[in-house]
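One file, upload_2.cif, carrying mmCIF, C-alpha atoms and all ligand atoms:
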data_run
loop_
_atom_site.label_atom_id
_atom_site.label_comp_id
_atom_site.auth_asym_id
_atom_site.auth_seq_id
_atom_site.Cartn_x
_atom_site.Cartn_y
_atom_site.Cartn_z
CA MET A 197 -14.49 75.06 -18.22
CA GLY A 198 -11.90 76.98 -20.25
CA LYS A 199 -10.76 79.12 -17.35
CA TYR A 200 -9.00 76.17 -15.71
CA LEU A 201 -6.69 75.37 -18.62
CA ASN A 202 -4.14 77.97 -19.69
CA LEU A 203 -0.91 76.65 -21.10
CA TYR A 204 0.38 80.23 -21.51
CA TYR A 205 -0.08 80.97 -17.82
CA LYS A 206 3.12 81.90 -15.99
CA PRO A 207 2.76 81.05 -12.30
CA THR A 208 3.40 83.95 -9.96
CA GLU A 209 5.73 83.84 -6.96
CA GLU A 210 2.69 83.52 -4.76
CA ASP A 211 1.11 80.51 -6.49
CA LEU A 212 1.21 77.08 -4.91
CA ILE A 213 2.13 74.57 -7.59
CA CYS A 214 1.06 70.94 -7.56
CA LYS A 215 2.52 68.26 -9.76
CA PHE A 216 0.02 65.46 -10.39
CA TYR A 217 0.15 62.12 -12.18
CA ILE A 218 -3.26 61.52 -13.75
CA GLU A 219 -5.01 58.70 -15.55
CA PRO A 220 -8.31 59.90 -16.99
CA ASN A 221 -11.31 57.60 -17.02
CA LYS A 222 -13.06 57.75 -20.39
CA ILE A 223 -12.46 61.48 -20.93
CA SER A 224 -9.63 63.35 -22.63
CA PHE A 225 -6.46 64.15 -20.76
CA GLU A 226 -7.09 67.91 -21.03
CA LYS A 227 -10.66 67.61 -19.80
CA CYS A 228 -9.52 65.50 -16.89
CA ALA A 229 -6.83 68.03 -15.94
CA GLU A 230 -9.38 70.83 -16.13
CA GLN A 231 -11.81 68.99 -13.91
CA LEU A 232 -9.03 68.41 -11.44
CA ALA A 233 -8.16 72.11 -11.30
CA ALA A 234 -11.84 73.01 -10.98
CA GLU A 235 -12.78 70.61 -8.18
CA SER A 236 -9.63 71.39 -6.20
CA SER A 237 -10.19 75.15 -6.36
CA ILE A 238 -13.45 77.02 -7.00
CA GLY A 239 -15.43 74.78 -9.35
CA THR A 240 -17.79 71.87 -9.42
CA TRP A 241 -19.22 69.46 -12.05
CA THR A 242 -21.31 72.12 -13.84
CA GLU A 243 -21.34 75.87 -14.38
CA VAL A 244 -23.09 77.68 -11.55
CA LYS A 245 -25.10 80.90 -11.80
CA THR A 246 -23.35 82.34 -8.77
CA MET A 247 -19.98 82.56 -10.53
CA ASN A 248 -18.63 86.02 -11.30
CA LYS A 249 -15.51 87.60 -12.80
CA ARG A 250 -13.87 88.17 -9.42
CA ILE A 251 -14.26 84.55 -8.38
CA GLU A 252 -13.21 83.29 -11.80
CA LYS A 253 -9.84 84.94 -11.26
CA MET A 254 -9.33 82.75 -8.21
CA SER A 255 -9.40 79.52 -10.23
CA ALA A 256 -6.54 77.07 -10.25
CA LYS A 257 -4.85 76.84 -13.64
CA VAL A 258 -3.42 73.88 -15.48
CA PHE A 259 -0.31 75.43 -17.00
CA GLU A 260 1.74 72.41 -18.02
CA ILE A 261 0.69 69.11 -19.56
CA ASN A 262 2.89 66.16 -20.38
CA LYS A 263 0.59 63.56 -21.86
CA LYS A 264 3.33 61.03 -22.42
CA ASN A 265 4.26 60.89 -18.75
CA ARG A 266 0.71 61.70 -17.64
CA ILE A 267 1.93 64.65 -15.63
CA VAL A 268 0.15 67.96 -15.13
CA LYS A 269 1.15 71.02 -13.20
CA ILE A 270 -1.50 73.19 -11.64
CA ALA A 271 -1.00 76.64 -10.13
CA TYR A 272 -3.22 77.64 -7.22
CA PRO A 273 -3.46 81.33 -6.31
CA ILE A 274 -2.55 81.88 -2.68
CA ILE A 275 -5.93 83.50 -2.03
CA LEU A 276 -7.47 80.01 -2.10
CA PHE A 277 -5.72 79.03 1.11
CA GLU A 278 -5.93 79.87 4.75
CA ARG A 279 -2.38 80.41 5.94
CA ALA A 280 -0.83 77.76 8.16
CA ASN A 281 -3.97 75.58 7.96
CA ILE A 282 -2.69 72.27 6.59
CA SER A 283 -6.07 70.55 6.84
CA GLN A 284 -7.66 73.23 4.64
CA ILE A 285 -4.81 73.09 2.15
CA MET A 286 -5.13 69.30 1.96
CA SER A 287 -8.91 69.49 1.57
CA SER A 288 -8.20 71.48 -1.61
CA ILE A 289 -5.20 69.84 -3.27
CA ALA A 290 -5.65 66.36 -1.77
CA GLY A 291 -9.39 66.24 -1.24
CA ASN A 292 -12.41 65.37 -3.43
CA ILE A 293 -10.29 65.03 -6.55
CA PHE A 294 -9.08 61.61 -5.44
CA GLY A 295 -12.60 60.18 -5.63
CA MET A 296 -13.84 61.56 -8.93
CA LYS A 297 -15.31 59.03 -11.36
CA THR A 298 -13.64 60.74 -14.31
CA ILE A 299 -10.19 60.03 -12.88
CA LYS A 300 -8.99 56.44 -12.72
CA ASN A 301 -5.75 57.16 -10.90
CA LEU A 302 -4.36 60.32 -9.39
CA ARG A 303 -1.19 60.98 -7.49
CA LEU A 304 0.02 64.19 -5.91
CA LEU A 305 3.72 63.87 -6.62
CA ASP A 306 5.09 67.15 -5.36
CA VAL A 307 4.10 70.56 -4.17
CA GLU A 308 6.02 73.82 -4.54
CA ILE A 309 5.05 75.96 -1.62
CA PRO A 310 5.37 79.73 -2.15
CA LYS A 311 7.50 81.81 0.20
CA VAL A 312 4.49 83.69 1.60
CA MET A 313 2.88 80.44 2.62
CA ILE A 314 6.09 79.04 4.12
CA LYS A 315 6.44 82.24 6.13
CA SER A 316 3.02 81.70 7.69
CA PHE A 317 4.30 78.55 9.42
CA LYS A 318 6.67 78.51 12.37
CA GLY A 319 8.18 75.09 11.65
CA PRO A 320 9.98 73.11 14.34
CA ALA A 321 10.81 74.74 17.67
CA ILE A 322 13.46 72.03 17.99
CA GLY A 323 15.10 70.95 14.77
CA LEU A 324 17.91 68.69 13.63
CA GLU A 325 20.70 70.88 15.02
CA ASP A 326 18.91 71.29 18.35
CA ILE A 327 18.61 67.51 18.74
CA ARG A 328 22.36 67.21 18.24
CA ARG A 329 23.01 70.07 20.68
CA ILE A 330 20.75 68.55 23.35
CA MET A 331 22.31 65.10 22.98
CA LYS A 332 25.85 66.43 22.47
CA ILE A 333 26.39 64.05 19.56
CA LYS A 334 28.31 65.48 16.61
CA ASP A 335 29.15 63.86 13.27
CA PHE A 336 27.79 60.45 14.28
CA PRO A 337 24.39 58.91 13.63
CA ILE A 338 22.12 58.82 16.66
CA ILE A 339 21.57 55.21 17.67
CA GLY A 340 17.93 54.49 18.37
CA THR A 341 15.77 51.55 19.24
CA ILE A 342 12.09 50.66 19.50
CA PHE A 343 11.18 48.52 22.48
CA LYS A 344 10.14 45.07 21.26
CA PRO A 345 7.92 43.11 21.49
CA LYS A 346 5.97 46.13 20.29
CA LEU A 347 3.11 45.47 22.72
CA GLY A 348 3.03 43.48 25.94
CA LEU A 349 6.02 44.67 27.94
CA THR A 350 5.17 46.27 31.29
CA PRO A 351 6.68 49.60 32.39
CA LYS A 352 8.89 47.73 34.86
CA GLU A 353 10.17 45.40 32.16
CA MET A 354 10.84 48.30 29.81
CA THR A 355 12.67 50.17 32.55
CA LYS A 356 15.09 47.33 33.21
CA LEU A 357 15.71 46.93 29.51
CA ALA A 358 16.16 50.66 29.03
CA TYR A 359 18.95 50.78 31.59
CA LYS A 360 20.72 47.85 29.97
CA ILE A 361 20.60 49.12 26.41
CA TYR A 362 21.40 52.76 27.18
CA SER A 363 24.41 51.51 29.14
CA ALA A 364 25.43 49.35 26.19
CA GLY A 365 25.48 52.33 23.81
CA VAL A 366 21.95 53.20 22.66
CA ASP A 367 21.29 56.97 22.59
CA TYR A 368 17.59 57.10 21.90
CA THR A 369 14.69 54.78 22.76
CA LYS A 370 11.13 55.02 21.57
CA ASP A 371 7.75 53.43 22.09
CA ASP A 372 6.24 51.59 19.21
CA GLU A 373 3.54 53.30 17.18
CA ASN A 374 0.70 51.23 18.64
CA LEU A 375 1.71 51.58 22.29
CA ALA A 376 -0.34 54.28 23.99
CA SER A 377 -1.82 53.74 27.48
CA MET A 378 -3.14 50.23 27.87
CA GLU A 379 -3.99 48.07 30.86
CA PHE A 380 -0.66 46.24 30.74
CA ASN A 381 1.30 49.44 30.32
CA ARG A 382 -0.02 52.82 31.46
CA PHE A 383 1.53 55.87 29.88
CA GLU A 384 2.25 57.73 33.13
CA GLU A 385 3.95 54.85 34.89
CA ARG A 386 6.06 54.08 31.84
CA VAL A 387 7.16 57.71 31.46
CA ILE A 388 8.05 58.13 35.15
CA ARG A 389 10.07 54.94 35.23
CA ILE A 390 11.96 55.30 31.96
CA LEU A 391 12.75 58.97 32.53
CA ASP A 392 14.25 57.95 35.90
CA VAL A 393 16.57 55.71 33.92
CA VAL A 394 17.41 58.61 31.60
CA ASP A 395 18.40 60.65 34.68
CA LYS A 396 20.39 57.77 36.09
CA ILE A 397 22.38 57.43 32.86
CA LYS A 398 23.14 61.15 33.00
CA ARG A 399 24.34 60.90 36.60
CA GLU A 400 26.40 57.78 36.01
CA GLN A 401 27.75 58.38 32.52
CA GLY A 402 27.20 62.06 31.81
CA ARG A 403 25.30 61.18 28.61
CA GLN A 404 22.02 62.85 27.65
CA VAL A 405 20.05 59.94 26.30
CA ILE A 406 16.50 60.38 25.04
CA TYR A 407 13.25 58.51 25.58
CA SER A 408 10.48 59.18 23.06
CA PRO A 409 7.11 58.20 24.59
CA ASN A 410 4.18 57.83 22.24
CA ILE A 411 1.51 60.37 23.26
CA THR A 412 -0.84 59.39 20.40
CA SER A 413 -4.48 59.83 21.43
CA GLN A 414 -7.24 62.40 21.02
CA ALA A 415 -5.77 65.91 20.92
CA ASP A 416 -6.67 67.02 24.47
CA LYS A 417 -5.23 63.82 25.95
CA MET A 418 -2.07 64.24 23.88
CA LEU A 419 -1.58 67.68 25.35
CA GLU A 420 -2.03 66.31 28.89
CA ARG A 421 0.53 63.63 28.10
CA ALA A 422 2.98 66.11 26.60
CA GLU A 423 2.67 68.28 29.72
CA PHE A 424 3.15 65.23 31.90
CA VAL A 425 6.34 64.32 30.04
CA LYS A 426 7.64 67.86 30.48
CA LYS A 427 6.84 67.78 34.23
CA GLN A 428 8.83 64.58 34.55
CA GLY A 429 11.80 66.21 32.85
CA GLY A 430 11.32 64.45 29.50
CA LYS A 431 12.72 66.07 26.37
CA CYS A 432 10.80 64.26 23.66
CA ILE A 433 7.33 63.14 22.62
CA MET A 434 6.28 60.88 19.78
CA ILE A 435 3.14 61.31 17.67
CA ASP A 436 1.68 59.06 14.98
CA ILE A 437 1.14 61.96 12.62
CA ILE A 438 -0.89 60.17 9.96
CA THR A 439 -3.41 58.44 12.19
CA CYS A 440 -3.73 61.57 14.39
CA GLY A 441 -4.03 63.91 11.43
CA TRP A 442 -2.73 67.37 10.55
CA SER A 443 -5.03 69.26 12.87
CA SER A 444 -3.92 67.27 15.93
CA LEU A 445 -0.29 67.58 14.94
CA GLN A 446 -0.51 71.35 14.51
CA PHE A 447 -2.43 71.61 17.80
CA ILE A 448 0.25 69.75 19.74
CA VAL A 449 3.12 71.58 18.09
CA GLU A 450 1.62 74.97 18.91
CA LYS A 451 0.54 74.07 22.44
CA THR A 452 3.98 72.72 23.27
CA ARG A 453 6.00 75.41 21.48
CA LYS A 454 7.15 76.98 24.76
CA MET A 455 7.96 73.60 26.32
CA LYS A 456 10.19 72.82 23.34
CA PRO A 457 10.04 69.03 23.25
CA ILE A 458 11.71 67.10 20.45
CA ILE A 459 8.68 66.06 18.37
CA HIS A 460 9.28 62.61 16.95
CA ALA A 461 6.91 61.98 14.04
CA HIS A 462 6.00 58.37 13.34
CA ARG A 463 4.27 57.89 9.99
CA ALA A 464 2.38 54.61 10.59
CA GLY A 465 -0.32 54.33 7.93
CA HIS A 466 1.33 56.59 5.35
CA ALA A 467 1.62 53.69 2.91
CA ILE A 468 -2.19 53.59 2.63
CA PHE A 469 -1.75 56.49 0.23
CA THR A 470 1.99 56.74 -0.51
CA ARG A 471 2.69 53.23 -1.72
CA ASN A 472 0.71 52.92 -4.96
CA LYS A 473 2.84 54.87 -7.43
CA LYS A 474 -0.20 55.70 -9.55
CA HIS A 475 -2.53 56.91 -6.84
CA GLY A 476 -2.35 58.79 -3.58
CA ILE A 477 0.16 61.28 -2.21
CA SER A 478 3.93 61.02 -2.23
CA MET A 479 5.86 60.85 1.05
CA LEU A 480 7.75 63.94 -0.12
CA VAL A 481 4.56 66.00 0.09
CA ILE A 482 3.89 64.63 3.58
CA ALA A 483 7.45 65.49 4.61
CA LYS A 484 7.10 69.07 3.35
CA PHE A 485 3.97 69.73 5.37
CA ALA A 486 5.28 67.83 8.43
CA ARG A 487 8.31 70.14 8.45
CA LEU A 488 6.15 73.24 8.14
CA ALA A 489 3.89 71.91 10.90
CA GLY A 490 6.95 71.67 13.13
CA VAL A 491 8.07 68.08 13.67
CA SER A 492 11.68 67.66 14.83
CA ALA A 493 12.34 64.19 13.43
CA LEU A 494 10.46 62.14 10.85
CA HIS A 495 10.47 58.51 9.75
CA THR A 496 11.48 58.50 6.10
CA GLY A 497 12.50 54.93 5.29
CA THR A 498 15.70 52.96 4.98
CA VAL A 499 15.85 51.72 1.35
CA VAL A 500 17.50 48.50 2.57
CA GLY A 501 15.17 47.48 5.43
CA LYS A 502 11.74 45.86 5.65
CA MET A 503 9.60 48.78 4.50
CA GLU A 504 8.92 49.80 0.91
CA GLY A 505 10.63 52.98 -0.34
CA LYS A 506 12.73 53.57 -3.47
CA LYS A 507 16.30 54.81 -3.02
CA SER A 508 15.83 57.97 -5.10
CA GLU A 509 12.67 58.84 -3.20
CA VAL A 510 14.07 58.29 0.29
CA VAL A 511 17.24 60.22 -0.59
CA GLU A 512 15.20 63.11 -2.00
CA ILE A 513 13.10 63.30 1.18
CA ASN A 514 16.15 63.15 3.45
CA ASN A 515 17.88 65.87 1.41
CA PHE A 516 14.77 68.02 1.59
CA LEU A 517 14.55 67.68 5.39
CA ARG A 518 18.19 68.75 5.73
CA SER A 519 18.03 71.60 3.20
CA SER A 520 17.37 75.27 3.92
CA MET A 521 13.75 76.44 3.70
CA GLN A 522 13.16 80.14 4.24
CA GLY A 523 14.42 80.01 7.82
CA ILE A 524 12.31 76.97 8.80
CA LYS A 525 14.50 74.67 10.90
CA LYS A 526 15.85 71.39 9.51
CA VAL A 527 14.24 68.08 10.45
CA MET A 528 16.18 64.98 11.41
CA PRO A 529 15.41 61.95 9.23
CA ILE A 530 14.78 58.64 10.99
CA ALA A 531 15.74 55.43 9.23
CA SER A 532 13.80 52.55 10.75
CA GLY A 533 12.25 49.21 9.87
CA GLY A 534 13.98 45.88 9.52
CA LEU A 535 17.48 47.20 10.26
CA HIS A 536 20.39 45.22 11.71
CA PRO A 537 24.18 45.73 11.94
CA LYS A 538 25.01 44.23 8.56
CA LEU A 539 22.94 46.90 6.81
CA VAL A 540 24.68 49.83 8.49
CA PRO A 541 27.33 50.50 5.79
CA GLN A 542 24.66 50.58 3.10
CA ILE A 543 22.36 52.88 5.09
CA ILE A 544 25.14 55.35 5.77
CA LYS A 545 26.36 55.19 2.18
CA ILE A 546 22.88 55.97 0.90
CA LEU A 547 21.57 58.38 3.54
CA GLY A 548 24.69 59.81 5.20
CA SER A 549 25.22 60.01 8.94
CA ASP A 550 23.09 63.00 9.87
CA LEU A 551 20.12 60.96 11.03
CA ILE A 552 18.65 58.69 13.69
CA ILE A 553 19.07 55.01 12.85
CA ASN A 554 16.54 52.84 14.65
CA PHE A 555 16.95 49.15 15.26
CA GLY A 556 14.06 47.12 16.69
CA GLY A 557 14.30 43.42 15.89
CA GLY A 558 17.93 43.99 14.87
CA LEU A 559 18.78 44.79 18.49
CA TRP A 560 16.31 42.75 20.55
CA GLY A 561 16.83 39.66 18.43
CA HIS A 562 20.59 39.35 19.02
CA PRO A 563 21.31 35.75 20.11
CA LEU A 564 23.29 36.98 23.14
CA GLY A 565 20.54 39.37 24.23
CA PRO A 566 19.71 43.07 23.99
CA GLU A 567 22.95 44.41 25.49
CA ALA A 568 24.95 42.49 22.93
CA GLY A 569 22.52 43.75 20.29
CA ALA A 570 23.17 47.34 21.30
CA LYS A 571 26.92 46.80 21.33
CA ALA A 572 26.89 45.15 17.92
CA ILE A 573 25.01 48.11 16.45
CA ARG A 574 27.44 50.65 17.91
CA GLN A 575 30.36 48.57 16.66
CA ALA A 576 28.86 48.44 13.16
CA ILE A 577 28.38 52.21 13.12
CA GLU A 578 31.87 52.88 14.48
CA ALA A 579 33.39 50.63 11.83
CA THR A 580 31.43 52.33 9.06
CA ILE A 581 32.32 55.85 10.19
CA LYS A 582 36.00 54.82 10.39
CA GLY A 583 35.79 53.23 6.95
CA ILE A 584 36.64 49.72 8.18
CA PRO A 585 34.79 46.73 6.66
CA LEU A 586 32.42 45.13 9.20
CA GLU A 587 33.93 41.64 8.90
CA GLU A 588 37.36 43.02 9.73
CA TYR A 589 36.14 45.14 12.64
CA ALA A 590 34.23 42.13 13.99
CA LYS A 591 37.36 39.96 14.31
CA ASN A 592 37.84 40.83 17.97
CA LYS A 593 34.26 41.91 18.71
CA LYS A 594 32.05 38.96 19.48
CA GLU A 595 28.76 40.94 19.51
CA LEU A 596 29.25 42.19 15.96
CA LYS A 597 30.64 38.87 14.80
CA ILE A 598 27.53 37.02 15.98
CA ALA A 599 25.18 39.68 14.60
CA LEU A 600 26.79 39.36 11.17
CA LYS A 601 26.34 35.59 11.30
CA THR A 602 22.71 35.92 12.44
CA TRP A 603 21.42 38.46 9.92
CA LYS A 604 22.75 38.39 6.39
C1 LIG A 701 10.73 49.29 13.29
C2 LIG A 701 9.35 49.82 13.58
C3 LIG A 701 8.83 51.05 12.82
C4 LIG A 701 8.96 51.00 11.31
C5 LIG A 701 7.97 51.84 10.54
C6 LIG A 701 8.40 48.68 13.35
O1 LIG A 701 10.96 48.06 13.93
O2 LIG A 701 9.26 50.16 14.93
O3 LIG A 701 7.51 51.23 13.20
O4 LIG A 701 10.25 51.46 11.10
O5 LIG A 701 8.39 52.09 9.26
O6 LIG A 701 7.62 48.39 14.23
O7 LIG A 701 8.43 48.13 12.28
P1 LIG A 701 12.00 46.98 13.40
P2 LIG A 701 8.93 53.52 8.78
O8 LIG A 701 13.36 47.64 13.50
O9 LIG A 701 11.88 45.81 14.34
O10 LIG A 701 11.64 46.64 12.01
O11 LIG A 701 10.07 53.90 9.68
O12 LIG A 701 9.38 53.25 7.39
O13 LIG A 701 7.81 54.48 8.87
MG MG A 702 7.20 50.50 15.02
#
Hey, can you dump this file as structure tokens for me?
Ligand code: CAP
Ligand code: MG
Amino acid sequence: MGKYLNLYYKPTEEDLICKFYIEPNKISFEKCAEQLAAESSIGTWTEVKTMNKRIEKMSAKVFEINKKNRIVKIAYPIILFERANISQIMSSIAGNIFGMKTIKNLRLLDVEIPKVMIKSFKGPAIGLEDIRRIMKIKDFPIIGTIFKPKLGLTPKEMTKLAYKIYSAGVDYTKDDENLASMEFNRFEERVIRILDVVDKIKREQGRQVIYSPNITSQADKMLERAEFVKKQGGKCIMIDIITCGWSSLQFIVEKTRKMKPIIHAHRAGHAIFTRNKKHGISMLVIAKFARLAGVSALHTGTVVGKMEGKKSEVVEINNFLRSSMQGIKKVMPIASGGLHPKLVPQIIKILGSDLIINFGGGLWGHPLGPEAGAKAIRQAIEATIKGIPLEEYAKNKKELKIALKTWK
């Protein structure tokens, strides 16, 4: 087992480094770390007769141990990975190790991806700056909404609502994560109708608003849907990246690279493995691979809304998405989940204004209706960007005033 533990090892520029939290189960910390490095690279539970010196050199190495914090760092030689194959990378560093009896809890906290591996990915065809260029919105958050109720509306109903809320100031609408193509709402009809509204808004108001239809399905159907959206003049597609999986995501990104849609990544289901702080994978790791895979925009949390997500973590992920990464384009963060006008100053204070802010219930639940909901949101964002307290700005704006009374 010795070959997997080397506290003198200095990782090379080409190593992929994983930071794990581990809780051993009835074995020593060192032994547990070694087993982790073995199972996630070349080894198994016993020595095998087929091992040789050449293969031994390919082993992952535990090079840092912090018993107090239960943290280990493991370096993986690049030779262990197929370039640009996220599924294979995950099967190594986020695979069998999570089910081993000798490990009670295990969490992949972070991954440092070497330059050579980053370079093997193309990243987003359309990134954060492209979204802003397409929409012609500078220095202002993009105002988004999710049609609600999340299931049940017909394409005709959504179309009427879309026209109303775009006209009232919404820039970006999206399907909910569990809306695909059902008997009450077929994908094609919905796309045709809502994209007609998008065109109408452009003709009438000169604004390029966006509709993000959820193409989530089996990979071949997703491609058909993406092509259909393109044919109808659509500029965006949404994918549930966790439930579809890395392979499907990479497939769609590559197959649509020439069409250049905005790829909106919904992360429904991520909390199955990101939420328990002792076990699973951090959202930061997901965000790193989603960016390499080529998403344009990614749900990352709100801190103040209905979904779990610590401030430091959400801020770190947002900063990562907007930082430089060996020429890989930046990704636009999406703050969504339980948001309403009153929360706007806090969101912008915490996350800045270079993002999409999505309001579902906080728009559709406005007592005066969706148009008032949309107006109240825009008013709240305007006030915040101008540095005016919401209560003051709301004095002569009934939509915001009522929203502030409704949601505290
Ligand atoms: C928001 C949302 C999103 C969540 C997912 C929903 O609606 O559409 O799916 O934001 O969480 O259905 O909950 P509301 P996250 O504005 O009505 O809450 O963005 O953290 O992945
Ligand atoms: Mg949703």
Shell of 10 Å around ligand LIG 701 (chain A) (all atoms listed in the file), written as an MDAnalysis selection string: chainID A and resid 340:346 370:374 436 461:467 494:499 501:505 510 529:536 553:561
Counting all atoms listed in the file, the option among A:Tyr359, A:Phe380, A:Phe424, A:Tyr407 closest to Ile459 in chain A: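 Looking at the shortest contact to Ile459 in chain A, the residue is A:Tyr407.
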CA of Arg453 in chain A to CA of Ala321 in chain A, distance in Å rounded to a single decimal: 6.2 Å
Spatial sel., origin (1.8, 53.3, 30.3), limit 12 Å, only C-alpha atoms, listed as an NGL selection string: :A and (347-355 or 371 or 374-390 or 409-412 or 421 or 425)
Residues of range 418-490 of chain A that approach range 218-227 of chain A to 12 Å or less, counting only C-alpha atoms: could you list each one with the shortest pair of atoms and its distance in Å to one decimal, rows by chain and increasing residue number, as a Markdown table?
| residue | atom | partner | partner_atom | distance |
| --- | --- | --- | --- | --- |
| A:Lys473 | CA | A:Ile218 | CA | 11.0 |
| A:Lys474 | CA | A:Ile218 | CA | 7.8 |
| A:His475 | CA | A:Ile218 | CA | 8.3 |
| A:Gly476 | CA | A:Ile218 | CA | 10.6 |
Answer as a ChimeraX atom specification, residues within 10 Å of (-12.6, 63.8, -7.7) using all atoms listed in the file: /A:228,231-232,234-236,240-241,290-300,302
Selection file, C-alpha atoms, as a PDB file, in the frame of the given file:
ATOM      1  CA  CYS A 228      -9.520  65.500 -16.890  1.00  0.00           C
ATOM      2  CA  GLN A 231     -11.810  68.990 -13.910  1.00  0.00           C
ATOM      3  CA  LEU A 232      -9.030  68.410 -11.440  1.00  0.00           C
ATOM      4  CA  ALA A 234     -11.840  73.010 -10.980  1.00  0.00           C
ATOM      5  CA  GLU A 235     -12.780  70.610  -8.180  1.00  0.00           C
ATOM      6  CA  SER A 236      -9.630  71.390  -6.200  1.00  0.00           C
ATOM      7  CA  THR A 240     -17.790  71.870  -9.420  1.00  0.00           C
ATOM      8  CA  TRP A 241     -19.220  69.460 -12.050  1.00  0.00           C
ATOM      9  CA  ALA A 290      -5.650  66.360  -1.770  1.00  0.00           C
ATOM     10  CA  GLY A 291      -9.390  66.240  -1.240  1.00  0.00           C
ATOM     11  CA  ASN A 292     -12.410  65.370  -3.430  1.00  0.00           C
ATOM     12  CA  ILE A 293     -10.290  65.030  -6.550  1.00  0.00           C
ATOM     13  CA  PHE A 294      -9.080  61.610  -5.440  1.00  0.00           C
ATOM     14  CA  GLY A 295     -12.600  60.180  -5.630  1.00  0.00           C
ATOM     15  CA  MET A 296     -13.840  61.560  -8.930  1.00  0.00           C
ATOM     16  CA  LYS A 297     -15.310  59.030 -11.360  1.00  0.00           C
ATOM     17  CA  THR A 298     -13.640  60.740 -14.310  1.00  0.00           C
ATOM     18  CA  ILE A 299     -10.190  60.030 -12.880  1.00  0.00           C
ATOM     19  CA  LYS A 300      -8.990  56.440 -12.720  1.00  0.00           C
ATOM     20  CA  LEU A 302      -4.360  60.320  -9.390  1.00  0.00           C
TER      21      LEU A 302
END
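Proximity of A:Ser478, A:Thr369, A:Asn515, A:Gln446 to ligand MG 702 (chain A), computed with all atoms listed in the file, is greatest for A:Thr369.
Here CA of Ser408 in chain A and CA of Arg518 in chain A stand 21.2 Å from one another.
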Between CA of Leu304 in chain A and CA of Lys257 in chain A - distance in Å to one decimal: 15.6 Å
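Candidate residues A:Asn301, A:Asn265, A:Ser520, A:Asn202 were compared for distance to Ile477 in chain A, and the nearest is A:Asn301, using all atoms listed in the file.
Of the residues listed (A:Ile437, A:Ala358, A:Ile448, A:Pro337), A:Pro337 shows the shortest atom-to-atom separation from Ile544 in chain A; distances use all atoms listed in the file.
Closest approach to ligand MG 702 (chain A) among A:Ala229, A:Met434, A:Ile261, A:Ile513: A:Met434, based on all atoms listed in the file.
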